[in-house]
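Structure, as C-alpha cells:
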Amino acid sequence: MEKTFGMIKPDAVERNLVGKILARIEAEGFKLVALRRIQMSKAQAEGFYAVHRQRPFFNDLTTYMSSGPALLMVLERENAILEWRNLMGATNPKDAAPGTLRKEFAIDIEKNSLHGSDAPETAAFEIPYFFSQTEIIS
C-alpha cells in the first residue's frame, strides 16, 4: 500500500464541498488514514510551497493558501500517488478530464480546489510537513 498527501484547498472548504470530495475519495477506494483541518499561516504556506519560491505565482499562491481553512489528508491505497493525481485531474480545470474532481469543483487554475503529491519524494516531504507518524493510522 502506498500513501500520498492530499489537500482540499480553501476555495473548496469555503464552498462547503468537503463532504462531497471525501465521499468521492472513499468511493474510489482510498483509505483516509489521517485528516486535519487547519488554516495555514503565510509562513507555513511559504515553507510548504518552497519549491515554487522563484516562480512568479509564489506570492499569490501562498497568500491564497493562507486565506482560509484547508483540509489536510493522508490517503492510502495501491498506487495512491498516481490514482490521487488521476482523480484530481489536470491542474488547470479547463484541461481536466470529465469526471475528475477539478473538472467538477475547481474555479480556475489558482483556485483548483485540491492538491496532491506528484511523486514519492514529494509525498515524503509533504506528509511529515503536517503529520507526525503517530497521527497516521492505517
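Here's how to read the names in the C-alpha cells: chain A, B, ... by the order shown, residue numbers from 1 in each chain, ligand numbers from 1 in the order shown.
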Long-range neighbours of A:Ala96 as a PyMOL selection string, 12 Å cut-off, only C-alpha atoms, 4 positions minimum in chain | chain A and resi 85-92+100-109+112
Please produce, as a tab-separated table, a per-residue contact table for stretch 33-128 of chain A versus stretch 23-29 of chain A (criterion: any atom at most 9 Å away, only C-alpha atoms considered), showing the nearest atom pair and its distance in Å to one decimal, sorted by chain then residue number.
residue	atom	partner	partner_atom	distance
A:Leu75	CA	A:Ile25	CA	8.7
A:Glu76	CA	A:Gly29	CA	8.7
A:Arg77	CA	A:Gly29	CA	6.9
A:Glu83	CA	A:Glu28	CA	8.8
A:Trp84	CA	A:Ile25	CA	8.4
A:Leu87	CA	A:Ile25	CA	8.1
A:Leu101	CA	A:Arg24	CA	8.4
Okay, now the selection with N, CA and C atoms, as a compact mmCIF listing (two decimals), in the first residue's frame?
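The result, written out as out-v9.txt:
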# COMPACT_ATOMS: atom_id res chain seq x y z
N LEU A 75 -3.74 9.83 2.33
CA LEU A 75 -4.56 8.84 1.64
C LEU A 75 -3.73 7.60 1.39
N GLU A 76 -4.38 6.44 1.47
CA GLU A 76 -3.66 5.18 1.29
C GLU A 76 -4.44 4.27 0.35
N ARG A 77 -3.73 3.63 -0.54
CA ARG A 77 -4.24 2.58 -1.43
C ARG A 77 -3.10 2.15 -2.34
N GLU A 83 -3.06 7.36 -8.54
CA GLU A 83 -4.52 7.32 -8.53
C GLU A 83 -5.13 8.62 -8.00
N TRP A 84 -4.48 9.25 -7.01
CA TRP A 84 -4.97 10.53 -6.49
C TRP A 84 -4.81 11.61 -7.56
N LEU A 87 -7.58 11.10 -10.05
CA LEU A 87 -8.88 11.51 -9.54
C LEU A 87 -9.00 13.03 -9.47
N LEU A 101 -12.24 15.47 -10.08
CA LEU A 101 -12.67 16.41 -9.06
C LEU A 101 -12.45 17.86 -9.47
Counting only C-alpha atoms, the option among A:Gln133, A:Asn79, A:Ser41, A:Ser67 closest to A:Glu14 =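 Of A:Gln133, A:Asn79, A:Ser41, A:Ser67, the one nearest A:Glu14 is A:Ser67, counting only C-alpha atoms.
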Using only C-alpha atoms, which residues sit within 8 Å of A:Lys42 once same-chain residues fewer than 5 positions away are excluded, as a list in words?
->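 Returned residues: Thr62, Thr63, Met65 and Ser66 of chain A.
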When distances are computed from only C-alpha atoms, which of A:Glu135, A:Asp11, A:Glu110, A:Glu126 shows the smallest separation from A:Phe57?
->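 Using only C-alpha atoms, the shortest distance to A:Phe57 belongs to A:Glu110.
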